[in-house]
Structures are given as structure tokens and as C-alpha cells.
file protein02.pdb (PDB, C-alpha atoms)
ATOM      1  CA  MET A  63      -1.007  37.609  42.491  1.00  0.00           C
ATOM      2  CA  SER A  64       0.984  40.447  41.167  1.00  0.00           C
ATOM      3  CA  ASN A  65       0.571  41.921  37.736  1.00  0.00           C
ATOM      4  CA  SER A  66       4.120  40.944  36.768  1.00  0.00           C
ATOM      5  CA  TYR A  67       3.413  37.251  37.567  1.00  0.00           C
ATOM      6  CA  THR A  68       0.189  37.338  35.513  1.00  0.00           C
ATOM      7  CA  ASP A  69       2.011  39.064  32.655  1.00  0.00           C
ATOM      8  CA  TYR A  70       4.730  36.394  32.865  1.00  0.00           C
ATOM      9  CA  VAL A  71       2.173  33.536  32.650  1.00  0.00           C
ATOM     10  CA  VAL A  72       0.447  35.192  29.686  1.00  0.00           C
ATOM     11  CA  LEU A  73       3.802  35.671  27.952  1.00  0.00           C
ATOM     12  CA  VAL A  74       4.841  32.032  28.553  1.00  0.00           C
ATOM     13  CA  ASN A  75       1.485  30.733  27.251  1.00  0.00           C
ATOM     14  CA  PHE A  76       1.838  32.976  24.200  1.00  0.00           C
ATOM     15  CA  LEU A  77       5.364  31.713  23.487  1.00  0.00           C
ATOM     16  CA  VAL A  78       4.277  28.079  23.895  1.00  0.00           C
ATOM     17  CA  ALA A  79       1.440  28.683  21.432  1.00  0.00           C
ATOM     18  CA  VAL A  80       3.830  30.286  18.908  1.00  0.00           C
ATOM     19  CA  VAL A  81       6.375  27.464  19.192  1.00  0.00           C
ATOM     20  CA  CYS A  82       3.653  24.807  18.842  1.00  0.00           C
ATOM     21  CA  THR A  83       2.173  26.569  15.827  1.00  0.00           C
ATOM     22  CA  GLU A  84       5.600  26.856  14.207  1.00  0.00           C
ATOM     23  CA  PHE A  85       6.202  23.133  14.764  1.00  0.00           C
ATOM     24  CA  ILE A  86       2.803  22.119  13.397  1.00  0.00           C
ATOM     25  CA  CYS A  87       3.260  24.298  10.327  1.00  0.00           C
ATOM     26  CA  SER A  88       6.842  23.178   9.782  1.00  0.00           C
ATOM     27  CA  ASP A  89       8.224  20.373   7.651  1.00  0.00           C
ATOM     28  CA  HIS A  90       8.416  18.202  10.784  1.00  0.00           C
ATOM     29  CA  PHE A  91       4.649  17.926  10.859  1.00  0.00           C
ATOM     30  CA  HIS A  92       4.106  17.662   7.111  1.00  0.00           C
ATOM     31  CA  ALA A  93       6.825  15.015   6.814  1.00  0.00           C
ATOM     32  CA  MET A  94       4.377  12.711   8.560  1.00  0.00           C
ATOM     33  CA  ALA A  95       1.866  12.935   5.677  1.00  0.00           C
ATOM     34  CA  LYS A  96       0.963   9.437   4.539  1.00  0.00           C
ATOM     35  CA  PRO A  97      -0.693   8.101   1.414  1.00  0.00           C
ATOM     36  CA  LYS A  98      -4.437   7.608   1.546  1.00  0.00           C
ATOM     37  CA  LEU A  99      -4.313   4.503  -0.672  1.00  0.00           C
ATOM     38  CA  VAL A 100      -1.498   1.997  -1.211  1.00  0.00           C
ATOM     39  CA  VAL A 101      -2.030  -0.315  -4.182  1.00  0.00           C
ATOM     40  CA  PHE A 102      -0.234  -3.578  -4.889  1.00  0.00           C
ATOM     41  CA  ASP A 103       0.071  -5.785  -7.936  1.00  0.00           C
ATOM     42  CA  LEU A 104      -0.230  -9.498  -7.097  1.00  0.00           C
ATOM     43  CA  ASP A 105       2.094 -11.633  -9.240  1.00  0.00           C
ATOM     44  CA  TYR A 106       5.752 -11.256  -8.246  1.00  0.00           C
ATOM     45  CA  THR A 107       4.754  -8.454  -5.883  1.00  0.00           C
ATOM     46  CA  LEU A 108       2.707 -10.075  -3.076  1.00  0.00           C
ATOM     47  CA  TRP A 109       3.381 -13.667  -4.132  1.00  0.00           C
ATOM     48  CA  PRO A 110       6.254 -15.337  -6.041  1.00  0.00           C
ATOM     49  CA  PHE A 111       4.450 -16.664  -9.125  1.00  0.00           C
ATOM     50  CA  TRP A 112       2.058 -15.841 -11.939  1.00  0.00           C
ATOM     51  CA  VAL A 113      -1.338 -17.058 -10.824  1.00  0.00           C
ATOM     52  CA  ASP A 114      -2.382 -17.773 -14.414  1.00  0.00           C
ATOM     53  CA  THR A 115       0.611 -19.937 -15.435  1.00  0.00           C
ATOM     54  CA  HIS A 116       2.826 -21.122 -12.556  1.00  0.00           C
ATOM     55  CA  VAL A 117       0.180 -22.663 -10.272  1.00  0.00           C
ATOM     56  CA  ASP A 118      -2.941 -24.704 -10.944  1.00  0.00           C
ATOM     57  CA  PRO A 119      -6.296 -23.476  -9.630  1.00  0.00           C
ATOM     58  CA  PRO A 120      -8.591 -24.157  -7.955  1.00  0.00           C
ATOM     59  CA  PHE A 121      -6.840 -23.573  -4.662  1.00  0.00           C
ATOM     60  CA  ARG A 122      -7.689 -24.894  -1.206  1.00  0.00           C
ATOM     61  CA  LYS A 123      -6.266 -25.420   2.247  1.00  0.00           C
ATOM     62  CA  ASP A 124      -4.930 -28.874   3.027  1.00  0.00           C
ATOM     63  CA  ARG A 125      -5.408 -30.675   6.358  1.00  0.00           C
ATOM     64  CA  SER A 126      -2.511 -28.802   7.917  1.00  0.00           C
ATOM     65  CA  GLY A 127      -3.967 -25.432   6.854  1.00  0.00           C
ATOM     66  CA  ARG A 128      -1.456 -24.764   4.066  1.00  0.00           C
ATOM     67  CA  VAL A 129      -2.720 -23.210   0.856  1.00  0.00           C
ATOM     68  CA  VAL A 130      -2.204 -25.619  -2.047  1.00  0.00           C
ATOM     69  CA  ASP A 131      -3.125 -25.757  -5.720  1.00  0.00           C
ATOM     70  CA  SER A 132      -5.150 -28.470  -7.466  1.00  0.00           C
ATOM     71  CA  GLY A 133      -2.056 -30.702  -7.617  1.00  0.00           C
ATOM     72  CA  SER A 134      -1.496 -30.275  -3.855  1.00  0.00           C
ATOM     73  CA  SER A 135       1.634 -28.170  -4.444  1.00  0.00           C
ATOM     74  CA  PRO A 136       2.078 -25.637  -1.611  1.00  0.00           C
ATOM     75  CA  ILE A 137       1.514 -21.980  -2.447  1.00  0.00           C
ATOM     76  CA  SER A 138       3.159 -19.192  -0.471  1.00  0.00           C
ATOM     77  CA  LEU A 139       3.286 -15.438  -0.196  1.00  0.00           C
ATOM     78  CA  TYR A 140       6.435 -13.363  -0.021  1.00  0.00           C
ATOM     79  CA  ARG A 141       7.722 -13.357   3.562  1.00  0.00           C
ATOM     80  CA  ASP A 142       6.711  -9.747   4.418  1.00  0.00           C
ATOM     81  CA  THR A 143       3.327  -9.625   2.652  1.00  0.00           C
ATOM     82  CA  VAL A 144       1.099 -10.193   5.684  1.00  0.00           C
ATOM     83  CA  ASP A 145       3.166  -7.882   7.919  1.00  0.00           C
ATOM     84  CA  ILE A 146       3.017  -5.101   5.326  1.00  0.00           C
ATOM     85  CA  LEU A 147      -0.753  -5.318   4.876  1.00  0.00           C
ATOM     86  CA  THR A 148      -1.316  -5.592   8.639  1.00  0.00           C
ATOM     87  CA  SER A 149       0.848  -2.529   9.287  1.00  0.00           C
ATOM     88  CA  LEU A 150      -0.762  -0.344   6.611  1.00  0.00           C
ATOM     89  CA  HIS A 151      -4.248  -1.383   7.676  1.00  0.00           C
ATOM     90  CA  GLY A 152      -3.385  -0.658  11.321  1.00  0.00           C
ATOM     91  CA  GLN A 153      -2.246   2.856  10.349  1.00  0.00           C
ATOM     92  CA  GLY A 154      -5.615   3.510   8.731  1.00  0.00           C
ATOM     93  CA  ILE A 155      -4.183   3.499   5.199  1.00  0.00           C
ATOM     94  CA  LYS A 156      -6.541   1.998   2.628  1.00  0.00           C
ATOM     95  CA  ILE A 157      -5.165  -0.880   0.549  1.00  0.00           C
ATOM     96  CA  GLY A 158      -5.982  -1.709  -3.044  1.00  0.00           C
ATOM     97  CA  ILE A 159      -5.085  -4.411  -5.550  1.00  0.00           C
ATOM     98  CA  ALA A 160      -4.436  -3.776  -9.259  1.00  0.00           C
ATOM     99  CA  SER A 161      -3.693  -6.943 -11.213  1.00  0.00           C
ATOM    100  CA  ARG A 162      -3.802  -7.669 -14.940  1.00  0.00           C
ATOM    101  CA  THR A 163      -4.134 -11.427 -14.520  1.00  0.00           C
ATOM    102  CA  GLY A 164      -6.626 -13.351 -16.604  1.00  0.00           C
ATOM    103  CA  GLU A 165      -7.027 -15.796 -13.705  1.00  0.00           C
ATOM    104  CA  THR A 166      -9.393 -13.505 -11.793  1.00  0.00           C
ATOM    105  CA  ASP A 167     -11.133 -16.301  -9.879  1.00  0.00           C
ATOM    106  CA  GLY A 168      -7.843 -17.874  -8.799  1.00  0.00           C
ATOM    107  CA  ALA A 169      -6.408 -14.541  -7.668  1.00  0.00           C
ATOM    108  CA  ASN A 170      -9.511 -13.770  -5.604  1.00  0.00           C
ATOM    109  CA  GLN A 171      -9.497 -17.291  -4.194  1.00  0.00           C
ATOM    110  CA  LEU A 172      -5.875 -16.907  -3.044  1.00  0.00           C
ATOM    111  CA  LEU A 173      -6.570 -13.521  -1.446  1.00  0.00           C
ATOM    112  CA  SER A 174      -9.373 -15.178   0.490  1.00  0.00           C
ATOM    113  CA  LEU A 175      -7.464 -18.347   1.452  1.00  0.00           C
ATOM    114  CA  PHE A 176      -4.508 -16.296   2.707  1.00  0.00           C
ATOM    115  CA  ASN A 177      -6.961 -14.110   4.684  1.00  0.00           C
ATOM    116  CA  LEU A 178      -5.749 -10.984   2.904  1.00  0.00           C
ATOM    117  CA  ASP A 179      -9.241  -9.759   2.010  1.00  0.00           C
ATOM    118  CA  GLN A 180      -9.615  -8.408   5.539  1.00  0.00           C
ATOM    119  CA  TYR A 181      -7.017  -5.723   4.725  1.00  0.00           C
ATOM    120  CA  ILE A 182      -8.092  -4.858   1.179  1.00  0.00           C
ATOM    121  CA  SER A 183     -10.619  -2.107   0.502  1.00  0.00           C
ATOM    122  CA  PHE A 184     -10.471  -2.028  -3.301  1.00  0.00           C
ATOM    123  CA  LYS A 185      -9.762  -4.699  -5.928  1.00  0.00           C
ATOM    124  CA  GLU A 186      -9.285  -4.301  -9.663  1.00  0.00           C
ATOM    125  CA  ILE A 187      -8.325  -7.745 -11.001  1.00  0.00           C
ATOM    126  CA  TYR A 188      -8.744  -8.294 -14.750  1.00  0.00           C
ATOM    127  CA  PRO A 189      -6.646  -8.118 -17.956  1.00  0.00           C
ATOM    128  CA  GLY A 190      -5.921  -4.756 -19.518  1.00  0.00           C
ATOM    129  CA  SER A 191      -4.077  -1.529 -18.900  1.00  0.00           C
ATOM    130  CA  LYS A 192      -3.382  -0.625 -15.288  1.00  0.00           C
ATOM    131  CA  VAL A 193      -4.447   2.920 -16.187  1.00  0.00           C
ATOM    132  CA  THR A 194      -8.029   1.604 -16.311  1.00  0.00           C
ATOM    133  CA  HIS A 195      -7.508  -0.125 -12.967  1.00  0.00           C
ATOM    134  CA  PHE A 196      -6.374   3.159 -11.416  1.00  0.00           C
ATOM    135  CA  GLN A 197      -9.146   5.222 -12.957  1.00  0.00           C
ATOM    136  CA  ARG A 198     -11.608   2.833 -11.296  1.00  0.00           C
ATOM    137  CA  LEU A 199      -9.674   2.851  -8.004  1.00  0.00           C
ATOM    138  CA  HIS A 200      -9.823   6.646  -8.059  1.00  0.00           C
ATOM    139  CA  ALA A 201     -13.553   6.651  -8.843  1.00  0.00           C
ATOM    140  CA  ASP A 202     -14.382   4.040  -6.193  1.00  0.00           C
ATOM    141  CA  SER A 203     -12.162   5.416  -3.428  1.00  0.00           C
ATOM    142  CA  GLY A 204     -12.383   9.146  -4.062  1.00  0.00           C
ATOM    143  CA  VAL A 205      -8.609   9.291  -3.482  1.00  0.00           C
ATOM    144  CA  LYS A 206      -6.602  11.581  -5.757  1.00  0.00           C
ATOM    145  CA  PHE A 207      -3.856   9.930  -7.793  1.00  0.00           C
ATOM    146  CA  SER A 208      -1.289  12.109  -5.998  1.00  0.00           C
ATOM    147  CA  ASP A 209      -2.372  10.546  -2.669  1.00  0.00           C
ATOM    148  CA  MET A 210      -1.642   6.985  -3.867  1.00  0.00           C
ATOM    149  CA  ILE A 211       1.425   4.723  -3.892  1.00  0.00           C
ATOM    150  CA  PHE A 212       1.644   1.770  -6.282  1.00  0.00           C
ATOM    151  CA  PHE A 213       3.967  -1.244  -5.999  1.00  0.00           C
ATOM    152  CA  ASP A 214       4.422  -3.406  -9.128  1.00  0.00           C
ATOM    153  CA  ASP A 215       7.119  -5.632 -10.608  1.00  0.00           C
ATOM    154  CA  GLU A 216       6.640  -4.527 -14.244  1.00  0.00           C
ATOM    155  CA  SER A 217       8.271  -1.365 -15.596  1.00  0.00           C
ATOM    156  CA  ARG A 218       5.526  -0.783 -18.178  1.00  0.00           C
ATOM    157  CA  ASN A 219       2.896  -0.575 -15.421  1.00  0.00           C
ATOM    158  CA  ILE A 220       5.086   1.777 -13.378  1.00  0.00           C
ATOM    159  CA  THR A 221       5.509   4.048 -16.414  1.00  0.00           C
ATOM    160  CA  ASP A 222       1.825   4.044 -17.403  1.00  0.00           C
ATOM    161  CA  VAL A 223       0.425   4.596 -13.903  1.00  0.00           C
ATOM    162  CA  GLY A 224       3.141   7.113 -13.030  1.00  0.00           C
ATOM    163  CA  ARG A 225       1.819   9.365 -15.801  1.00  0.00           C
ATOM    164  CA  LEU A 226      -1.382   9.718 -13.768  1.00  0.00           C
ATOM    165  CA  GLY A 227       0.571  11.289 -10.903  1.00  0.00           C
ATOM    166  CA  VAL A 228       0.693   8.167  -8.710  1.00  0.00           C
ATOM    167  CA  HIS A 229       3.891   7.589  -6.687  1.00  0.00           C
ATOM    168  CA  CYS A 230       5.047   4.328  -8.316  1.00  0.00           C
ATOM    169  CA  VAL A 231       7.600   1.847  -7.043  1.00  0.00           C
ATOM    170  CA  LEU A 232       9.242  -0.906  -9.083  1.00  0.00           C
ATOM    171  CA  VAL A 233       9.425  -4.093  -7.009  1.00  0.00           C
ATOM    172  CA  ARG A 234      12.257  -6.559  -7.476  1.00  0.00           C
ATOM    173  CA  ASN A 235      11.978 -10.028  -5.924  1.00  0.00           C
ATOM    174  CA  GLY A 236       8.789  -9.274  -4.025  1.00  0.00           C
ATOM    175  CA  VAL A 237       7.630  -6.464  -1.810  1.00  0.00           C
ATOM    176  CA  THR A 238       9.431  -6.053   1.523  1.00  0.00           C
ATOM    177  CA  SER A 239       8.637  -4.147   4.697  1.00  0.00           C
ATOM    178  CA  LYS A 240      11.862  -2.168   4.234  1.00  0.00           C
ATOM    179  CA  LEU A 241      10.850  -1.096   0.718  1.00  0.00           C
ATOM    180  CA  VAL A 242       7.344  -0.068   1.776  1.00  0.00           C
ATOM    181  CA  ASP A 243       8.657   1.900   4.774  1.00  0.00           C
ATOM    182  CA  GLU A 244      11.260   3.681   2.630  1.00  0.00           C
ATOM    183  CA  GLU A 245       8.710   4.576  -0.026  1.00  0.00           C
ATOM    184  CA  ILE A 246       6.188   5.885   2.500  1.00  0.00           C
ATOM    185  CA  GLN A 247       8.955   8.110   3.907  1.00  0.00           C
ATOM    186  CA  GLN A 248       9.835   9.242   0.374  1.00  0.00           C
ATOM    187  CA  PHE A 249       6.150   9.902  -0.353  1.00  0.00           C
ATOM    188  CA  SER A 250       5.887  11.944   2.861  1.00  0.00           C
ATOM    189  CA  LYS A 251       8.951  14.025   1.983  1.00  0.00           C
ATOM    190  CA  SER A 252       7.572  14.765  -1.495  1.00  0.00           C
ATOM    191  CA  GLN A 253       4.234  15.825  -0.005  1.00  0.00           C
ATOM    192  CA  SER A 254       5.914  18.314   2.340  1.00  0.00           C
ATOM    193  CA  SER A 255       7.873  20.084  -0.416  1.00  0.00           C
TER     194      SER A 255
END

call {"tool": "encode", "arguments": {"input": "protein02.pdb", "output": "C-alpha cells"}}
result
Amino acid sequence: MSNSYTDYVVLVNFLVAVVCTEFICSDHFHAMAKPKLVVFDLDYTLWPFWVDTHVDPPFRKDRSGRVVDSGSSPISLYRDTVDILTSLHGQGIKIGIASRTGETDGANQLLSLFNLDQYISFKEIYPGSKVTHFQRLHADSGVKFSDMIFFDDESRNITDVGRLGVHCVLVRNGVTSKLVDEEIQQFSKSQSS
């Protein structure tokens, strides 16, 4: 091999390394940053009711496998709930629950009956300020507030938790795959700036 061919190969390898480094250090790479923990409220976020007033625990599955309350009324999730949790879990994103319901047993029972527990790493389900819920989520997960996204249907919770530095999203008429995807993209853009 001639020296000029060797010099050419070295130059090409150098240029490839520079271009790759520029791409990795650019906004294109950082735009792919994802949250480490996505937290959901339950009532009117993952399911279309208040577990402490609109349905009657205890809950069970009927003969056909449907989840029903004590009066045999069917209970359902919002249409995209399972797909959202499956997708986030599959991407390696931890999932948490932060609910202020007083019906703690019923909420946990529904999470189990709907087989949602398999996706959830952290649960804070009890009455009180969601700030306390998030302080415990932070302590238990080790995830910084700025690496979290929170979906909730109540403005007061969005305001309170947002003060901690959590990326908060007000949910209207239940969480949707489109909303979660848009907010993860928005989170990623904010992380890269």
C-alpha cells in the first residue's frame, strides 16, 4: 500500500469520528432524552371515575373476566391506559402512581385486577398533598424531580407538584397515548436546551 492510500484511510476515519462525535453531542442526540419516572394520578386520569365515590368496592372479576364492583357494575379503564403503561415499561421508563384517594384498598385492588401492577414500580396512594407523594417517590426512586413527568386531572396538583421542578401535565378526559407521546417529546426538548 502506498503512503497516500494509508493517509487517505486515516483521514476518512478521522472525519467519520468527528462527524459522529458532532452528532452525538448535538441536539439530535439529546432530543432523545427521556424521563426516568412517569407518574400518573388514578381517578379521571387512568380510569373514568373516583374510586372513593363513583364505584362500590370491593372489586372482583366476574365469570367473563370483567372487573366489576360489589353491585356487579362493570368497571373500565380509559381506552389507552394499558397501551401507555406497556409502552413506557417497554422503553425502560419507571412508572409511579400518586393518588390522593381515601379508598386506598380499592385503588390497589383495581390496579391488581386490571393487571397494572406489573408495570408500576412506585405507588403513593393516600389522602394528602401530592407534594408529600412526590417527596416519597423521589426518596424511594432516587430520581430527581427534574427527571419526572406527572399526569393529573386536577390543576391544584399540577401547580403544587410543578413547584418541585416536575414536568406536569393537566389531563382532560383521561390520559391518551397521543398526550403522553407529545409530553415525552416536549420533556426531551426541554432537557436538550

call {"tool": "closest_atom_pairs", "arguments": {"input": "protein02.pdb", "of": "range 169-198 of chain A", "to": "range 114-127 of chain A", "cutoff": "9 Å", "atoms": "only C-alpha atoms", "output": "CSV"}}
result
residue,atom,partner,partner_atom,distance
A:Ala169,CA,A:Asp114,CA,8.5
A:Gln171,CA,A:Phe121,CA,6.8
A:Leu172,CA,A:Phe121,CA,6.9
A:Leu175,CA,A:Arg122,CA,7.1

call {"tool": "write_last_selection", "arguments": {"input": "protein02.pdb", "atoms": "C-alpha atoms", "output": "PDB file, in the frame of the given file"}}
result
ATOM      1  CA  ALA A 169      -6.408 -14.541  -7.668  1.00  0.00           C
ATOM      2  CA  GLN A 171      -9.497 -17.291  -4.194  1.00  0.00           C
ATOM      3  CA  LEU A 172      -5.875 -16.907  -3.044  1.00  0.00           C
ATOM      4  CA  LEU A 175      -7.464 -18.347   1.452  1.00  0.00           C
TER       5      LEU A 175
END

call {"tool": "atom_distance", "arguments": {"input": "protein02.pdb", "atom1": "CA of Lys206 in chain A", "atom2": "CA of Lys185 in chain A"}}
result
16.6 Å

call {"tool": "atom_distance", "arguments": {"input": "protein02.pdb", "atom1": "CA of Asp202 in chain A", "atom2": "CA of Ser183 in chain A"}}
result
9.8 Å

call {"tool": "resolve_selection", "arguments": {"input": "protein02.pdb", "expression": "the PyMOL selection byres ((chain A and resi 150-162) around 10)", "output": "JSON, numbers by chain"}}
result
{"A": [96, 97, 98, 99, 100, 101, 102, 103, 104, 105, 108, 145, 146, 147, 148, 149, 163, 164, 165, 166, 169, 179, 180, 181, 182, 183, 184, 185, 186, 187, 188, 189, 190, 191, 192, 193, 194, 195, 196, 198, 199, 203, 205, 210, 211, 212, 213, 214, 219, 242, 243]}

call {"tool": "atom_distance", "arguments": {"input": "protein02.pdb", "atom1": "CA of Phe207 in chain A", "atom2": "CA of Leu226 in chain A"}}
result
6.5 Å

call {"tool": "closest_residue", "arguments": {"input": "protein02.pdb", "among": "A:Leu178, A:Val223, A:Val233, A:Val113", "to": "Thr143 in chain A", "atoms": "all atoms listed in the file"}}
result
A:Leu178

call {"tool": "residues_near_point", "arguments": {"input": "protein02.pdb", "point": "(2.6, -16.9, -0.2)", "cutoff": "10 Å", "atoms": "all atoms listed in the file", "output": "VMD selection string"}}
result
chain A and resid 108 to 111 128 to 129 136 to 144 172 to 173 176

call {"tool": "write_last_selection", "arguments": {"input": "protein02.pdb", "atoms": "C-alpha atoms", "output": "PDB file, in the coordinates of the input"}}
result
ATOM      1  CA  LEU A 108       2.707 -10.075  -3.076  1.00  0.00           C
ATOM      2  CA  TRP A 109       3.381 -13.667  -4.132  1.00  0.00           C
ATOM      3  CA  PRO A 110       6.254 -15.337  -6.041  1.00  0.00           C
ATOM      4  CA  PHE A 111       4.450 -16.664  -9.125  1.00  0.00           C
ATOM      5  CA  ARG A 128      -1.456 -24.764   4.066  1.00  0.00           C
ATOM      6  CA  VAL A 129      -2.720 -23.210   0.856  1.00  0.00           C
ATOM      7  CA  PRO A 136       2.078 -25.637  -1.611  1.00  0.00           C
ATOM      8  CA  ILE A 137       1.514 -21.980  -2.447  1.00  0.00           C
ATOM      9  CA  SER A 138       3.159 -19.192  -0.471  1.00  0.00           C
ATOM     10  CA  LEU A 139       3.286 -15.438  -0.196  1.00  0.00           C
ATOM     11  CA  TYR A 140       6.435 -13.363  -0.021  1.00  0.00           C
ATOM     12  CA  ARG A 141       7.722 -13.357   3.562  1.00  0.00           C
ATOM     13  CA  ASP A 142       6.711  -9.747   4.418  1.00  0.00           C
ATOM     14  CA  THR A 143       3.327  -9.625   2.652  1.00  0.00           C
ATOM     15  CA  VAL A 144       1.099 -10.193   5.684  1.00  0.00           C
ATOM     16  CA  LEU A 172      -5.875 -16.907  -3.044  1.00  0.00           C
ATOM     17  CA  LEU A 173      -6.570 -13.521  -1.446  1.00  0.00           C
ATOM     18  CA  PHE A 176      -4.508 -16.296   2.707  1.00  0.00           C
TER      19      PHE A 176
END

call {"tool": "resolve_selection", "arguments": {"input": "protein02.pdb", "expression": "the PyMOL selection byres ((chain A and resi 250-253) around 7)", "output": "ChimeraX atom specification"}}
result
/A:93-96,246-249,254-255

call {"tool": "closest_residue", "arguments": {"input": "protein02.pdb", "among": "A:Arg234, A:His200, A:Lys240, A:His229", "to": "Thr107 in chain A", "atoms": "all atoms listed in the file"}}
result
A:Arg234
